[in-house]
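One file, my_file_2.txt, is given below (compact mmCIF, C-alpha atoms).
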# COMPACT_ATOMS: atom_id res chain seq x y z
CA MET U 1 -23.08 -4.03 32.67
CA GLY U 2 -24.97 -0.75 32.15
CA GLU U 3 -27.34 -0.23 29.25
CA SER U 4 -25.07 2.35 27.57
CA GLN U 5 -22.08 0.02 27.76
CA GLN U 6 -24.15 -2.83 26.31
CA LEU U 7 -25.15 -0.58 23.43
CA ARG U 8 -21.53 0.39 22.78
CA GLU U 9 -20.43 -3.24 22.72
CA LEU U 10 -23.34 -4.15 20.41
CA LYS U 11 -22.36 -1.40 17.97
CA SER U 12 -18.69 -2.42 18.18
CA ARG U 13 -19.55 -6.06 17.48
CA HIS U 14 -21.62 -5.26 14.41
CA TYR U 15 -19.00 -2.81 13.09
CA ILE U 16 -16.07 -5.22 13.48
CA GLN U 17 -18.02 -8.22 12.23
CA ASP U 18 -19.05 -6.29 9.12
CA LEU U 19 -15.37 -5.51 8.46
CA ILE U 20 -14.35 -9.12 9.04
CA GLU U 21 -16.97 -10.33 6.56
CA GLU U 22 -15.19 -8.28 3.86
CA GLY U 23 -12.13 -10.49 4.31
CA GLU U 24 -8.58 -9.33 3.67
CA HIS U 25 -8.19 -7.03 0.69
CA GLU U 26 -6.24 -4.04 -0.63
CA HIS U 27 -7.29 -1.86 2.30
CA GLN U 28 -7.64 -4.42 5.11
CA ASP U 29 -5.38 -6.99 6.77
CA PHE U 30 -6.00 -9.34 9.70
CA LYS U 31 -3.33 -9.88 12.35
CA PHE U 32 -3.64 -12.54 15.04
CA GLN U 33 -1.11 -10.66 17.17
CA ILE U 34 1.80 -8.23 16.92
CA SER U 35 5.08 -9.86 17.91
CA ASP U 36 7.64 -8.05 15.74
CA ALA U 37 7.67 -4.27 15.21
CA ARG U 38 9.85 -4.60 12.10
CA LYS U 39 7.38 -6.94 10.40
CA ILE U 40 4.36 -4.79 11.17
CA ALA U 41 6.26 -1.80 9.76
CA ARG U 42 6.05 -3.53 6.36
CA SER U 43 2.25 -3.49 6.54
CA ILE U 44 2.32 0.19 7.51
CA SER U 45 4.67 0.89 4.59
CA ALA U 46 2.45 -1.04 2.14
CA PHE U 47 -0.75 0.78 3.11
CA ALA U 48 0.94 4.19 3.33
CA ASN U 49 2.48 3.76 -0.14
CA ASN U 50 -0.88 2.76 -1.60
CA SER U 51 -4.08 4.58 -0.68
CA GLY U 52 -4.17 3.80 3.03
CA GLY U 53 -5.92 1.01 4.90
CA HIS U 54 -6.26 -0.61 8.29
CA LEU U 55 -5.22 -3.61 10.32
CA LEU U 56 -7.58 -5.62 12.51
CA VAL U 57 -5.38 -6.99 15.29
CA GLY U 58 -6.73 -9.90 17.31
CA VAL U 59 -8.38 -11.48 14.26
CA LYS U 60 -7.09 -14.69 12.70
CA ASP U 61 -6.75 -15.22 8.95
CA ASN U 62 -10.01 -17.19 8.93
CA GLY U 63 -11.85 -14.24 10.51
CA ARG U 64 -12.12 -15.75 13.98
CA ILE U 65 -11.77 -13.22 16.79
CA ALA U 66 -8.96 -14.15 19.18
CA GLY U 67 -8.56 -10.83 21.02
CA VAL U 68 -5.43 -8.95 22.05
CA ARG U 69 -3.75 -7.29 25.01
CA SER U 70 -4.35 -3.85 23.57
CA ASP U 71 -1.78 -1.81 25.53
CA GLU U 72 1.11 -4.05 24.45
CA GLU U 73 -0.09 -4.19 20.85
CA ILE U 74 -0.54 -0.41 20.62
CA TYR U 75 2.96 0.18 21.96
CA MET U 76 4.52 -2.17 19.40
CA ILE U 77 2.52 -0.69 16.51
CA GLU U 78 3.50 2.86 17.45
CA GLN U 79 7.11 1.69 17.73
CA ALA U 80 6.84 0.17 14.24
CA ALA U 81 5.41 3.38 12.78
CA GLN U 82 7.92 5.71 14.43
CA MET U 83 11.14 3.68 14.63
CA TYR U 84 10.91 1.17 11.78
CA CYS U 85 9.33 3.27 9.03
CA ARG U 86 11.24 5.89 7.03
CA PRO U 87 9.90 8.53 7.16
CA PRO U 88 8.03 7.87 10.44
CA GLN U 89 4.28 7.47 10.06
CA LYS U 90 1.32 8.33 12.25
CA VAL U 91 -1.27 5.65 12.93
CA GLN U 92 -4.59 5.77 14.74
CA CYS U 93 -5.40 2.93 17.13
CA THR U 94 -8.95 2.20 18.32
CA VAL U 95 -9.94 -0.65 20.65
CA TYR U 96 -13.31 -2.37 20.19
CA ARG U 97 -14.87 -4.90 22.55
CA VAL U 98 -16.34 -7.82 20.67
CA GLU U 99 -17.64 -11.01 22.31
CA GLY U 100 -15.82 -10.08 25.49
CA LYS U 101 -12.51 -9.69 23.65
CA SER U 102 -10.50 -6.67 22.49
CA VAL U 103 -9.98 -6.09 18.76
CA LEU U 104 -7.56 -3.34 17.80
CA LYS U 105 -8.23 -1.39 14.59
CA VAL U 106 -5.15 0.40 13.28
CA ASP U 107 -5.83 3.05 10.64
CA ILE U 108 -2.96 3.96 8.31
CA ALA U 109 -3.33 7.04 6.12
CA PRO U 110 -1.78 7.50 2.67
CA ALA U 111 1.70 8.97 3.11
CA ASP U 112 2.33 12.62 2.27
CA THR U 113 5.83 11.77 1.00
CA LEU U 114 6.56 8.57 -0.92
CA PRO U 115 8.04 6.07 -0.62
CA VAL U 116 7.70 4.88 2.97
CA MET U 117 10.44 2.35 3.64
CA ALA U 118 10.61 -0.60 6.07
CA GLN U 119 13.20 -3.30 6.74
CA ASP U 120 13.11 -6.75 5.15
CA ASP U 121 14.32 -9.94 6.87
CA ASP U 122 17.94 -8.97 6.11
CA CYS U 123 17.45 -5.47 7.58
CA ARG U 124 17.59 -3.83 4.13
CA TRP U 125 15.31 -0.84 3.70
CA CYS U 126 12.63 -1.52 1.06
CA ALA U 127 9.42 0.15 -0.06
CA TYR U 128 6.35 -2.06 0.24
CA TYR U 129 3.08 -1.81 -1.67
CA ARG U 130 -0.37 -3.30 -1.08
CA VAL U 131 -1.61 -5.58 -3.87
CA ALA U 132 -4.96 -7.31 -3.21
CA ASP U 133 -4.44 -8.98 0.20
CA GLU U 134 -0.63 -9.04 0.12
CA ASN U 135 2.28 -6.74 0.90
CA VAL U 136 4.83 -6.85 -1.93
CA VAL U 137 8.19 -5.17 -2.35
CA ALA U 138 7.69 -2.27 -4.74
CA SER U 139 9.67 -2.44 -7.97
CA ALA U 140 12.71 -0.22 -8.48
CA LEU U 141 10.75 1.61 -11.20
CA HIS U 142 7.90 2.26 -8.78
CA VAL U 143 10.33 3.78 -6.25
CA LYS U 144 11.98 5.96 -8.90
CA ILE U 145 8.59 7.35 -9.94
CA TRP U 146 7.74 8.23 -6.34
CA LYS U 147 11.08 9.96 -5.83
CA HIS U 148 10.72 11.82 -9.13
CA ARG U 149 7.34 13.12 -8.00
CA ASN U 150 8.82 14.29 -4.71
CA ALA U 151 11.67 16.17 -6.39
CA ALA U 152 10.15 17.50 -9.59
CA SER U 153 7.91 20.48 -10.16
CA PRO U 154 5.28 20.18 -12.94
CA THR U 155 6.90 20.55 -16.34
CA VAL U 156 5.79 20.48 -19.97
CA PHE U 157 7.54 17.87 -22.05
CA THR U 158 7.38 16.86 -25.70
CA MET U 159 6.27 13.27 -26.21
CA THR U 160 8.69 11.16 -28.22
CA ASP U 161 7.82 8.67 -30.94
CA SER U 162 8.70 5.78 -28.63
CA GLU U 163 6.36 7.14 -25.96
CA ARG U 164 3.54 7.42 -28.47
CA THR U 165 4.28 3.84 -29.51
CA LEU U 166 4.01 2.72 -25.89
CA ILE U 167 0.68 4.45 -25.33
CA ALA U 168 -0.77 3.10 -28.59
CA HIS U 169 0.42 -0.42 -27.77
CA ILE U 170 -1.17 -0.36 -24.33
CA GLU U 171 -4.45 0.93 -25.76
CA ASN U 172 -4.54 -1.66 -28.55
CA GLU U 173 -2.64 -4.69 -27.23
CA GLY U 174 -2.64 -4.39 -23.46
CA ASP U 175 -0.19 -3.76 -20.63
CA VAL U 176 3.57 -4.32 -20.96
CA THR U 177 6.60 -4.67 -18.74
CA LEU U 178 9.52 -2.25 -18.90
CA HIS U 179 11.55 -4.93 -20.71
CA ASP U 180 8.76 -5.39 -23.27
CA TYR U 181 8.63 -1.65 -23.92
CA SER U 182 12.38 -1.43 -24.40
CA ARG U 183 12.27 -4.18 -27.03
CA LEU U 184 9.11 -2.88 -28.67
CA ALA U 185 10.48 0.64 -29.17
CA HIS U 186 14.09 -0.47 -29.84
CA ILE U 187 15.46 1.77 -27.09
CA THR U 188 17.75 1.17 -24.13
CA ARG U 189 16.30 0.16 -20.78
CA ALA U 190 17.47 3.46 -19.28
CA THR U 191 15.66 5.47 -21.97
CA ALA U 192 12.53 3.33 -21.56
CA GLU U 193 12.64 3.80 -17.80
CA GLN U 194 12.90 7.59 -18.06
CA SER U 195 10.00 7.69 -20.51
CA VAL U 196 7.79 5.70 -18.14
CA ILE U 197 8.77 7.93 -15.22
CA ASN U 198 7.81 11.04 -17.22
CA LEU U 199 4.50 9.59 -18.40
CA CYS U 200 3.56 8.34 -14.93
CA ALA U 201 4.47 11.70 -13.38
CA ALA U 202 2.23 13.37 -15.98
CA GLY U 203 -0.67 11.09 -15.00
CA ILE U 204 -0.83 9.44 -18.41
CA LEU U 205 0.38 5.99 -17.33
CA THR U 206 0.54 4.07 -14.08
CA LEU U 207 1.89 0.74 -12.79
CA ARG U 208 0.10 -2.39 -11.70
CA TYR U 209 1.27 -5.70 -10.27
CA HIS U 210 0.20 -9.11 -11.49
CA ALA U 211 1.66 -12.54 -10.71
CA GLY U 212 4.84 -11.01 -9.33
CA GLU U 213 5.42 -8.76 -12.35
CA CYS U 214 5.17 -4.97 -12.58
CA TYR U 215 3.24 -3.82 -15.66
CA ILE U 216 2.86 -0.42 -17.32
CA THR U 217 -0.76 0.48 -17.96
CA SER U 218 -3.03 3.43 -18.67
CA ALA U 219 -3.80 5.71 -15.74
CA PRO U 220 -7.42 5.90 -14.57
CA SER U 221 -9.39 8.88 -15.83
CA GLU U 222 -9.68 10.18 -12.26
CA PRO U 223 -6.29 9.48 -10.64
CA SER U 224 -6.34 8.34 -7.02
CA HIS U 225 -3.56 8.50 -4.43
CA SER U 226 -2.45 4.99 -5.41
CA SER U 227 -2.07 5.78 -9.10
CA LEU U 228 1.34 6.87 -10.26

Please rewrite the model in this file as structure tokens.
Amino acid sequence: MGESQQLRELKSRHYIQDLIEEGEHEHQDFKFQISDARKIARSISAFANNSGGHLLVGVKDNGRIAGVRSDEEIYMIEQAAQMYCRPPQKVQCTVYRVEGKSVLKVDIAPADTLPVMAQDDDCRWCAYYRVADENVVASALHVKIWKHRNAASPTVFTMTDSERTLIAHIENEGDVTLHDYSRLAHITRATAEQSVINLCAAGILTLRYHAGECYITSAPSEPSHSSL
């Protein structure tokens, strides 16, 4: 092995090992191997609908490097991104040699148009979202907000009393579910839903997931791609 190749492998090892030490999180997922394009499309959907991320393929859940057959894995990932995501997504695949094995890093950018859909186990098209180290099915409210943002041009709207009540409650009492807001403001679920869509589109509120529930919360002062 030449000196330049040794240096490349040394840099690759340190880079990948540093990533592995971070563990799985909102922007990183380990995959032992890719055996089902439909399933990997869910990971692509989740990262694309959030603020992007990457997969490390050939790495077990415990961080142990197992290695992959990179050509086969790349083909299946590209198939997942193009055939099993709606709209199709572009991914960037880079192969690193670590400890004599190949580790594939798959970078997934935030989507330009949301939501990105993928098929569940029953072949139904769903939008996925990355929460901590898991891919979850995005709530119906989440999807409606994304679609509203795609379709609507910026507008000025007058805030209603119920919307002011919601904002004050979140500031003083904490986050609420859509059901909680409907009961709190004594309005129908449909009216509550439209209010949340408007306030999220305006960057005033956002959604967060906790323990399987979708909560309405205040938007960060500097909205990121993942905020609604």

At a cut-off of 12 Å around the point (17.5, -1.7, -19.2) (file coordinates), what residues fall inside when counting all atoms listed in the file? I'd like the answer as a list in words.
Ala140, Leu141, Thr177, Leu178, His179, Asp180, Tyr181, Ser182, Arg183, His186, Ile187, Thr188, Arg189, Ala190, Thr191, Ala192, Glu193 and Gln194 of chain U

What's the separation between CA of Glu134 (chain U) and CA of Asp29 (chain U), in Å to one decimal place?
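Atom-to-atom, CA of Glu134 (chain U) and CA of Asp29 (chain U) are spaced 8.4 Å apart.
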
Interatomic distance between CA of Asp161 (chain U) and CA of Val196 (chain U)?
13.1 Å

Skip region 12-22 of chain U itself and residues of its chain fewer than 6 positions away, then list as a list in words all residues within 10 Å of it, counting all atoms listed in the file.
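My reading of the contact set: Gln6, Gln28, Asp29, Phe30, Leu56, Val59, Lys60, Asp61, Asn62, Gly63, Arg64, Ile65, Val95, Tyr96, Arg97, Val98, Glu99, Gly100, Val103, Leu104 and Lys105 of chain U.
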
Of the listed residues U:Arg86, U:Lys39, U:Lys31, U:Arg208, that which approaches Asp120 (chain U) most closely, counting only C-alpha atoms
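Selected residue with least distance to Asp120 (chain U): U:Lys39.
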
Can you pull out every residue within 9 Å of Leu114 (chain U), counting all atoms listed in the file, but drop anything in the same chain fewer than 2 positions away, and send it as a list in words?
Ala48, Asn49, Pro87, Ala111, Asp112, Val116, Met117, Ala127, Val143, Trp146, Lys147, Arg149 and Asn150 of chain U

Nearby residues (only C-alpha atoms) at most 12 Å from Met83 (chain U), same-chain spacing under 2 positions excluded, as a ChimeraX atom specification
/U:37-38,40-41,44,75-81,85-90,117-119

For Pro110 (chain U): contacts at 9 Å, all atoms listed in the file, fewer than 2 positions along chain excluded, given as a ChimeraX atom specification
/U:47-53,108,112-113,225-226

Please identify all polymer residues within 12 Å of Thr217 (chain U), counting only C-alpha atoms, omitting same-chain residues fewer than 4 positions from it, and present them as a ChimeraX atom specification.
/U:166-178,181,196,199-200,203-210,227-228
